Amino acid sequence: MSWQAYVDTNLVGTGQVSQAAIFGLNGSQWAASPSFQVSATEVQEIISGFNNSDHILSSGVHVAGIKYLTLRADDRSIYAKKGADGVCLVKTGQAVLIAVYKKGIQPGSCTKVVEGLADYFISVGY
């Protein structure tokens, strides 16, 4: 399965994720939803947030030009929201899954989908 298929089928295709992307830990984009643009600066901010969450906990996290209030951040997962929308960011051994949910999608449903795919990637060495 291609990286794009994981975004299209396993994330957005579930109906629990509005837009998504997969990036390598080196900042390179592996796959993304159409018109979902996460800047290199934002990706580096996210990757740094897994190692040291102080900055994103105090200042929020930026994804696709939108600033979200960070609710939780640790070395594996970052959850943030803005109004009824939010993001679920999960780090695996080699990648970062970036998923946005919009109003009408329950945060827990999005989290379950993204964390489940992350668990799968880890189980197969990614």
# chains A, B, ... in the order shown; residues from 1 in each chain; ligands from 1
$ closest_atom_pairs --of "region 30-84 of chain A" --to "region 12-21 of chain A" --cutoff "10 Å" --atoms "only C-alpha atoms" --output "tab-separated table"
residue	atom	partner	partner_atom	distance
A:Trp30	CA	A:Ala21	CA	7.6
A:Ala31	CA	A:Ala21	CA	5.5
A:Ala32	CA	A:Ala21	CA	3.9
A:Ser33	CA	A:Ala20	CA	5.6
A:Pro34	CA	A:Gln19	CA	8.3
A:Ser35	CA	A:Gln19	CA	9.0
A:Phe36	CA	A:Gln19	CA	6.7
A:Gln37	CA	A:Ala21	CA	8.8
A:Val38	CA	A:Ala21	CA	8.2
$ residues_around --residues "Ile56 (chain A)" --least-positions-apart "2" --cutoff "9 Å" --atoms "only C-alpha atoms" --output "PDB file with all heavy atoms, in the first residue's frame"
ATOM      1  N   GLU A  45       8.406  22.304  14.017  1.00  0.00           N
ATOM      2  CA  GLU A  45       7.810  22.669  15.307  1.00  0.00           C
ATOM      3  C   GLU A  45       7.137  21.443  15.947  1.00  0.00           C
ATOM      4  O   GLU A  45       7.289  21.200  17.147  1.00  0.00           O
ATOM      5  CB  GLU A  45       6.775  23.783  15.109  1.00  0.00           C
ATOM      6  CG  GLU A  45       6.039  24.184  16.376  1.00  0.00           C
ATOM      7  CD  GLU A  45       4.919  25.174  16.108  1.00  0.00           C
ATOM      8  OE1 GLU A  45       4.040  24.881  15.258  1.00  0.00           O
ATOM      9  OE2 GLU A  45       4.921  26.230  16.746  1.00  0.00           O
ATOM     10  N   ILE A  46       6.427  20.678  15.135  1.00  0.00           N
ATOM     11  CA  ILE A  46       5.747  19.476  15.623  1.00  0.00           C
ATOM     12  C   ILE A  46       6.765  18.443  16.089  1.00  0.00           C
ATOM     13  O   ILE A  46       6.659  17.907  17.198  1.00  0.00           O
ATOM     14  CB  ILE A  46       4.824  18.898  14.526  1.00  0.00           C
ATOM     15  CG1 ILE A  46       3.647  19.843  14.266  1.00  0.00           C
ATOM     16  CG2 ILE A  46       4.345  17.497  14.896  1.00  0.00           C
ATOM     17  CD1 ILE A  46       2.905  19.580  12.970  1.00  0.00           C
ATOM     18  N   SER A  48       9.843  18.856  17.004  1.00  0.00           N
ATOM     19  CA  SER A  48      10.500  19.350  18.220  1.00  0.00           C
ATOM     20  C   SER A  48       9.589  19.210  19.432  1.00  0.00           C
ATOM     21  O   SER A  48      10.059  18.956  20.544  1.00  0.00           O
ATOM     22  CB  SER A  48      10.893  20.819  18.058  1.00  0.00           C
ATOM     23  OG  SER A  48      11.836  20.970  17.034  1.00  0.00           O
ATOM     24  N   GLY A  49       8.285  19.369  19.214  1.00  0.00           N
ATOM     25  CA  GLY A  49       7.319  19.268  20.301  1.00  0.00           C
ATOM     26  C   GLY A  49       7.249  17.893  20.938  1.00  0.00           C
ATOM     27  O   GLY A  49       6.905  17.763  22.119  1.00  0.00           O
ATOM     28  N   ASN A  52      10.465  18.047  23.278  1.00  0.00           N
ATOM     29  CA  ASN A  52      10.365  19.033  24.347  1.00  0.00           C
ATOM     30  C   ASN A  52       9.063  19.793  24.148  1.00  0.00           C
ATOM     31  O   ASN A  52       8.987  20.674  23.297  1.00  0.00           O
ATOM     32  CB  ASN A  52      11.569  19.979  24.327  1.00  0.00           C
ATOM     33  CG  ASN A  52      11.507  21.010  25.440  1.00  0.00           C
ATOM     34  OD1 ASN A  52      10.551  21.072  26.210  1.00  0.00           O
ATOM     35  ND2 ASN A  52      12.534  21.838  25.524  1.00  0.00           N
ATOM     36  N   SER A  53       8.061  19.470  24.939  1.00  0.00           N
ATOM     37  CA  SER A  53       6.716  20.003  24.726  1.00  0.00           C
ATOM     38  C   SER A  53       6.490  21.377  25.348  1.00  0.00           C
ATOM     39  O   SER A  53       5.424  21.964  25.164  1.00  0.00           O
ATOM     40  CB  SER A  53       5.677  19.020  25.260  1.00  0.00           C
ATOM     41  OG  SER A  53       5.868  18.818  26.646  1.00  0.00           O
ATOM     42  N   ASP A  54       7.466  21.925  26.056  1.00  0.00           N
ATOM     43  CA  ASP A  54       7.259  23.203  26.751  1.00  0.00           C
ATOM     44  C   ASP A  54       6.753  24.304  25.821  1.00  0.00           C
ATOM     45  O   ASP A  54       5.796  25.005  26.136  1.00  0.00           O
ATOM     46  CB  ASP A  54       8.550  23.669  27.436  1.00  0.00           C
ATOM     47  CG  ASP A  54       8.968  22.766  28.586  1.00  0.00           C
ATOM     48  OD1 ASP A  54       8.125  21.963  29.045  1.00  0.00           O
ATOM     49  OD2 ASP A  54      10.138  22.854  29.008  1.00  0.00           O
ATOM     50  N   SER A  58       2.899  26.039  25.842  1.00  0.00           N
ATOM     51  CA  SER A  58       2.680  27.442  26.207  1.00  0.00           C
ATOM     52  C   SER A  58       2.215  28.293  25.027  1.00  0.00           C
ATOM     53  O   SER A  58       1.445  29.226  25.211  1.00  0.00           O
ATOM     54  CB  SER A  58       3.960  28.038  26.802  1.00  0.00           C
ATOM     55  OG  SER A  58       4.997  28.054  25.852  1.00  0.00           O
ATOM     56  N   SER A  59       2.663  27.968  23.823  1.00  0.00           N
ATOM     57  CA  SER A  59       2.376  28.821  22.668  1.00  0.00           C
ATOM     58  C   SER A  59       1.440  28.210  21.631  1.00  0.00           C
ATOM     59  O   SER A  59       1.099  28.868  20.652  1.00  0.00           O
ATOM     60  CB  SER A  59       3.688  29.187  21.968  1.00  0.00           C
ATOM     61  OG  SER A  59       4.538  29.862  22.861  1.00  0.00           O
ATOM     62  N   GLY A  60       1.080  26.953  21.796  1.00  0.00           N
ATOM     63  CA  GLY A  60       0.231  26.289  20.816  1.00  0.00           C
ATOM     64  C   GLY A  60       1.057  25.658  19.708  1.00  0.00           C
ATOM     65  O   GLY A  60       2.286  25.761  19.685  1.00  0.00           O
ATOM     66  N   VAL A  61       0.370  24.996  18.796  1.00  0.00           N
ATOM     67  CA  VAL A  61       1.021  24.329  17.672  1.00  0.00           C
ATOM     68  C   VAL A  61       0.346  24.792  16.385  1.00  0.00           C
ATOM     69  O   VAL A  61      -0.867  25.022  16.356  1.00  0.00           O
ATOM     70  CB  VAL A  61       0.974  22.783  17.843  1.00  0.00           C
ATOM     71  CG1 VAL A  61      -0.443  22.251  17.815  1.00  0.00           C
ATOM     72  CG2 VAL A  61       1.829  22.087  16.808  1.00  0.00           C
ATOM     73  N   HIS A  62       1.135  24.962  15.338  1.00  0.00           N
ATOM     74  CA  HIS A  62       0.620  25.438  14.052  1.00  0.00           C
ATOM     75  C   HIS A  62       0.571  24.290  13.050  1.00  0.00           C
ATOM     76  O   HIS A  62       1.553  23.562  12.894  1.00  0.00           O
ATOM     77  CB  HIS A  62       1.518  26.545  13.505  1.00  0.00           C
ATOM     78  CG  HIS A  62       1.569  27.748  14.388  1.00  0.00           C
ATOM     79  ND1 HIS A  62       2.396  27.828  15.481  1.00  0.00           N
ATOM     80  CD2 HIS A  62       0.865  28.894  14.353  1.00  0.00           C
ATOM     81  CE1 HIS A  62       2.219  28.981  16.084  1.00  0.00           C
ATOM     82  NE2 HIS A  62       1.295  29.660  15.422  1.00  0.00           N
ATOM     83  N   LEU A  69      -4.582  25.392  20.166  1.00  0.00           N
ATOM     84  CA  LEU A  69      -4.235  25.346  21.584  1.00  0.00           C
ATOM     85  C   LEU A  69      -3.873  23.910  21.940  1.00  0.00           C
ATOM     86  O   LEU A  69      -4.695  22.996  21.754  1.00  0.00           O
ATOM     87  CB  LEU A  69      -5.416  25.825  22.433  1.00  0.00           C
ATOM     88  CG  LEU A  69      -5.283  25.650  23.941  1.00  0.00           C
ATOM     89  CD1 LEU A  69      -4.215  26.587  24.483  1.00  0.00           C
ATOM     90  CD2 LEU A  69      -6.612  25.910  24.618  1.00  0.00           C
ATOM     91  N   THR A  70      -2.680  23.701  22.443  1.00  0.00           N
ATOM     92  CA  THR A  70      -2.231  22.353  22.787  1.00  0.00           C
ATOM     93  C   THR A  70      -2.896  21.894  24.080  1.00  0.00           C
ATOM     94  O   THR A  70      -2.818  22.568  25.106  1.00  0.00           O
ATOM     95  CB  THR A  70      -0.698  22.311  22.935  1.00  0.00           C
ATOM     96  OG1 THR A  70      -0.108  22.840  21.741  1.00  0.00           O
ATOM     97  CG2 THR A  70      -0.213  20.891  23.161  1.00  0.00           C
ATOM     98  N   ALA A  73       0.605  16.913  25.287  1.00  0.00           N
ATOM     99  CA  ALA A  73       1.792  16.657  24.472  1.00  0.00           C
ATOM    100  C   ALA A  73       2.749  15.770  25.250  1.00  0.00           C
ATOM    101  O   ALA A  73       3.059  16.039  26.407  1.00  0.00           O
ATOM    102  CB  ALA A  73       2.473  17.964  24.093  1.00  0.00           C
TER     103      ALA A  73
END
$ select_by_dssp --residues "chain A" --states "alpha helix (DSSP H)" --output "count of residues only"
38
$ residues_around --residues "Leu89 (chain A)" --least-positions-apart "3" --cutoff "6 Å" --atoms "only C-alpha atoms" --output "compact mmCIF listing (two decimals) with N, CA and C atoms, in the first residue's frame"
# COMPACT_ATOMS: atom_id res chain seq x y z
N SER A 77 2.40 11.57 21.32
CA SER A 77 1.18 12.19 20.82
C SER A 77 1.04 13.65 21.25
N ILE A 78 0.49 14.44 20.33
CA ILE A 78 0.16 15.83 20.62
C ILE A 78 -1.29 16.03 20.18
N LEU A 97 2.34 11.32 11.90
CA LEU A 97 1.00 11.37 11.32
C LEU A 97 0.34 12.65 11.78
N ILE A 98 -0.15 13.45 10.84
CA ILE A 98 -0.80 14.72 11.13
C ILE A 98 -2.24 14.60 10.66
$ closest_residue --among "A:Ala5, A:Val124, A:Val96, A:Val63" --to "Ala80 (chain A)" --atoms "only C-alpha atoms"
A:Val63
$ closest_residue --among "A:Gly65, A:Gly86, A:Gly93, A:Gly24" --to "Ala118 (chain A)" --atoms "only C-alpha atoms"
A:Gly93
$ select_by_dssp --residues "chain A" --states "strand (DSSP E)" --output "MDAnalysis selection string"
chainID A and resid 19:24 29:32 61:63 66:73 77:82 85:91 95:101
$ write_last_selection --atoms "N, CA and C atoms" --output "compact mmCIF listing (two decimals), in the first residue's frame"
# COMPACT_ATOMS: atom_id res chain seq x y z
N GLN A 19 -8.59 16.06 7.14
CA GLN A 19 -7.41 16.16 6.29
C GLN A 19 -6.25 15.51 7.03
N ALA A 20 -5.28 15.00 6.27
CA ALA A 20 -4.16 14.33 6.92
C ALA A 20 -2.91 14.38 6.06
N ALA A 21 -1.80 14.13 6.73
CA ALA A 21 -0.51 14.03 6.04
C ALA A 21 0.39 13.10 6.83
N ILE A 22 1.37 12.54 6.14
CA ILE A 22 2.40 11.72 6.78
C ILE A 22 3.74 12.32 6.38
N PHE A 23 4.56 12.60 7.38
CA PHE A 23 5.90 13.15 7.15
C PHE A 23 6.93 12.23 7.79
N GLY A 24 8.10 12.17 7.20
CA GLY A 24 9.22 11.48 7.82
C GLY A 24 9.76 12.33 8.95
N GLN A 29 7.87 15.20 3.25
CA GLN A 29 6.47 14.78 3.11
C GLN A 29 6.38 13.46 2.37
N TRP A 30 5.68 12.50 2.96
CA TRP A 30 5.47 11.20 2.31
C TRP A 30 4.13 11.17 1.58
N ALA A 31 3.12 11.82 2.16
CA ALA A 31 1.78 11.83 1.55
C ALA A 31 0.94 12.89 2.24
N ALA A 32 -0.08 13.39 1.54
CA ALA A 32 -0.96 14.40 2.13
C ALA A 32 -2.28 14.46 1.38
N VAL A 61 0.37 25.00 18.80
CA VAL A 61 1.02 24.33 17.67
C VAL A 61 0.35 24.79 16.38
N HIS A 62 1.13 24.96 15.34
CA HIS A 62 0.62 25.44 14.05
C HIS A 62 0.57 24.29 13.05
N VAL A 63 -0.57 24.15 12.38
CA VAL A 63 -0.74 23.14 11.33
C VAL A 63 -1.51 23.78 10.19
N ILE A 66 -2.82 27.33 10.70
CA ILE A 66 -3.77 27.56 11.79
C ILE A 66 -3.09 27.24 13.12
N LYS A 67 -3.28 28.14 14.09
CA LYS A 67 -2.72 27.93 15.42
C LYS A 67 -3.76 27.23 16.29
N TYR A 68 -3.35 26.12 16.89
CA TYR A 68 -4.21 25.33 17.77
C TYR A 68 -3.68 25.40 19.20
N LEU A 69 -4.58 25.39 20.17
CA LEU A 69 -4.24 25.35 21.58
C LEU A 69 -3.87 23.91 21.94
N THR A 70 -2.68 23.70 22.44
CA THR A 70 -2.23 22.35 22.79
C THR A 70 -2.90 21.89 24.08
N LEU A 71 -3.55 20.75 24.02
CA LEU A 71 -4.22 20.17 25.17
C LEU A 71 -3.35 19.15 25.89
N ARG A 72 -2.59 18.39 25.09
CA ARG A 72 -1.74 17.32 25.63
C ARG A 72 -0.56 17.13 24.70
N ALA A 73 0.60 16.91 25.29
CA ALA A 73 1.79 16.66 24.47
C ALA A 73 2.75 15.77 25.25
N SER A 77 2.40 11.57 21.32
CA SER A 77 1.18 12.19 20.82
C SER A 77 1.04 13.65 21.25
N ILE A 78 0.49 14.44 20.33
CA ILE A 78 0.16 15.83 20.62
C ILE A 78 -1.29 16.03 20.18
N TYR A 79 -2.12 16.52 21.09
CA TYR A 79 -3.51 16.82 20.78
C TYR A 79 -3.74 18.31 21.00
N ALA A 80 -4.41 18.94 20.04
CA ALA A 80 -4.66 20.37 20.14
C ALA A 80 -5.99 20.70 19.47
N LYS A 81 -6.57 21.85 19.85
CA LYS A 81 -7.83 22.22 19.22
C LYS A 81 -7.97 23.72 19.09
N LYS A 82 -8.88 24.10 18.21
CA LYS A 82 -9.27 25.49 18.01
C LYS A 82 -10.76 25.48 17.77
N ASP A 85 -12.73 22.47 16.03
CA ASP A 85 -11.77 21.76 15.19
C ASP A 85 -10.55 21.38 16.03
N GLY A 86 -9.77 20.44 15.53
CA GLY A 86 -8.57 20.06 16.26
C GLY A 86 -7.62 19.25 15.42
N VAL A 87 -6.48 18.92 16.05
CA VAL A 87 -5.46 18.10 15.40
C VAL A 87 -5.02 17.00 16.34
N CYS A 88 -4.66 15.89 15.72
CA CYS A 88 -4.07 14.75 16.41
C CYS A 88 -2.76 14.46 15.69
N LEU A 89 -1.65 14.58 16.40
CA LEU A 89 -0.32 14.40 15.84
C LEU A 89 0.33 13.23 16.57
N VAL A 90 0.77 12.23 15.82
CA VAL A 90 1.34 11.04 16.45
C VAL A 90 2.65 10.68 15.78
N LYS A 91 3.67 10.43 16.61
CA LYS A 91 5.00 10.07 16.12
C LYS A 91 5.19 8.56 16.21
N ALA A 95 8.10 8.20 11.34
CA ALA A 95 7.15 9.13 10.73
C ALA A 95 6.35 9.91 11.75
N VAL A 96 5.68 10.96 11.24
CA VAL A 96 4.71 11.72 12.03
C VAL A 96 3.41 11.72 11.25
N LEU A 97 2.34 11.32 11.90
CA LEU A 97 1.00 11.37 11.32
C LEU A 97 0.34 12.65 11.78
N ILE A 98 -0.15 13.45 10.84
CA ILE A 98 -0.80 14.72 11.13
C ILE A 98 -2.24 14.60 10.66
N ALA A 99 -3.18 14.72 11.57
CA ALA A 99 -4.59 14.58 11.21
C ALA A 99 -5.39 15.75 11.79
N VAL A 100 -6.23 16.34 10.95
CA VAL A 100 -7.10 17.43 11.35
C VAL A 100 -8.54 16.92 11.33
N TYR A 101 -9.30 17.29 12.37
CA TYR A 101 -10.73 17.00 12.36
C TYR A 101 -11.49 18.32 12.47
$ atom_distance --atom1 "CA of Leu11 (chain A)" --atom2 "CA of Ser109 (chain A)"
11.0 Å
$ closest_residue --among "A:Gly83, A:Asn51, A:Val43, A:Arg76" --to "Val114 (chain A)" --atoms "only C-alpha atoms"
A:Arg76
$ closest_residue --among "A:Ile105, A:Ile47, A:Val7, A:Met1" --to "Leu25 (chain A)" --atoms "only C-alpha atoms"
A:Ile47
$ decode --residues "region 23-44 of chain A" --atoms "N, CA, C and O atoms" --output "short mmCIF file (atom, residue, chain, number, x, y, z; two decimals), in the first residue's frame"
data_model
loop_
_atom_site.label_atom_id
_atom_site.label_comp_id
_atom_site.auth_asym_id
_atom_site.auth_seq_id
_atom_site.Cartn_x
_atom_site.Cartn_y
_atom_site.Cartn_z
N PHE A 23 4.56 12.60 7.38
CA PHE A 23 5.90 13.15 7.15
C PHE A 23 6.93 12.23 7.79
O PHE A 23 6.66 11.61 8.82
N GLY A 24 8.10 12.17 7.20
CA GLY A 24 9.22 11.48 7.82
C GLY A 24 9.76 12.33 8.95
O GLY A 24 9.54 13.55 8.99
N LEU A 25 10.48 11.72 9.89
CA LEU A 25 11.06 12.47 11.00
C LEU A 25 12.13 13.45 10.55
O LEU A 25 12.54 14.32 11.32
N ASN A 26 12.57 13.33 9.30
CA ASN A 26 13.52 14.29 8.73
C ASN A 26 12.80 15.49 8.12
O ASN A 26 13.43 16.39 7.56
N GLY A 27 11.46 15.51 8.20
CA GLY A 27 10.68 16.63 7.69
C GLY A 27 10.17 16.47 6.28
O GLY A 27 9.42 17.31 5.79
N SER A 28 10.53 15.38 5.60
CA SER A 28 10.08 15.18 4.22
C SER A 28 8.63 14.68 4.19
O SER A 28 8.22 13.87 5.01
N GLN A 29 7.87 15.20 3.25
CA GLN A 29 6.47 14.78 3.11
C GLN A 29 6.38 13.46 2.37
O GLN A 29 6.93 13.32 1.28
N TRP A 30 5.68 12.50 2.96
CA TRP A 30 5.47 11.20 2.31
C TRP A 30 4.13 11.17 1.58
O TRP A 30 4.00 10.55 0.54
N ALA A 31 3.12 11.82 2.16
CA ALA A 31 1.78 11.83 1.55
C ALA A 31 0.94 12.89 2.24
O ALA A 31 1.21 13.23 3.40
N ALA A 32 -0.08 13.39 1.54
CA ALA A 32 -0.96 14.40 2.13
C ALA A 32 -2.28 14.46 1.38
O ALA A 32 -2.34 14.14 0.20
N SER A 33 -3.30 14.93 2.08
CA SER A 33 -4.59 15.20 1.44
C SER A 33 -4.41 16.33 0.44
O SER A 33 -3.57 17.20 0.63
N PRO A 34 -5.23 16.34 -0.61
CA PRO A 34 -5.16 17.44 -1.58
C PRO A 34 -5.38 18.78 -0.88
O PRO A 34 -6.22 18.89 0.01
N SER A 35 -4.61 19.76 -1.24
CA SER A 35 -4.67 21.14 -0.72
C SER A 35 -4.39 21.25 0.78
O SER A 35 -4.68 22.28 1.39
N PHE A 36 -3.84 20.21 1.39
CA PHE A 36 -3.45 20.28 2.80
C PHE A 36 -1.96 20.57 2.85
O PHE A 36 -1.14 19.69 2.61
N GLN A 37 -1.61 21.81 3.11
CA GLN A 37 -0.24 22.27 3.06
C GLN A 37 0.30 22.52 4.47
O GLN A 37 -0.10 23.48 5.12
N VAL A 38 1.19 21.66 4.93
CA VAL A 38 1.86 21.85 6.21
C VAL A 38 3.28 22.31 5.88
O VAL A 38 4.00 21.62 5.15
N SER A 39 3.66 23.48 6.38
CA SER A 39 4.96 24.05 6.02
C SER A 39 6.10 23.30 6.71
O SER A 39 5.90 22.63 7.73
N ALA A 40 7.29 23.46 6.16
CA ALA A 40 8.48 22.85 6.75
C ALA A 40 8.70 23.35 8.17
O ALA A 40 9.08 22.58 9.06
N THR A 41 8.44 24.63 8.41
CA THR A 41 8.58 25.21 9.74
C THR A 41 7.60 24.56 10.72
O THR A 41 7.95 24.24 11.85
N GLU A 42 6.36 24.36 10.27
CA GLU A 42 5.35 23.72 11.12
C GLU A 42 5.74 22.28 11.43
O GLU A 42 5.59 21.83 12.58
N VAL A 43 6.24 21.56 10.44
CA VAL A 43 6.65 20.16 10.66
C VAL A 43 7.78 20.11 11.68
O VAL A 43 7.76 19.28 12.60
N GLN A 44 8.76 21.01 11.56
CA GLN A 44 9.86 21.03 12.53
C GLN A 44 9.37 21.39 13.92
O GLN A 44 9.84 20.83 14.92
#
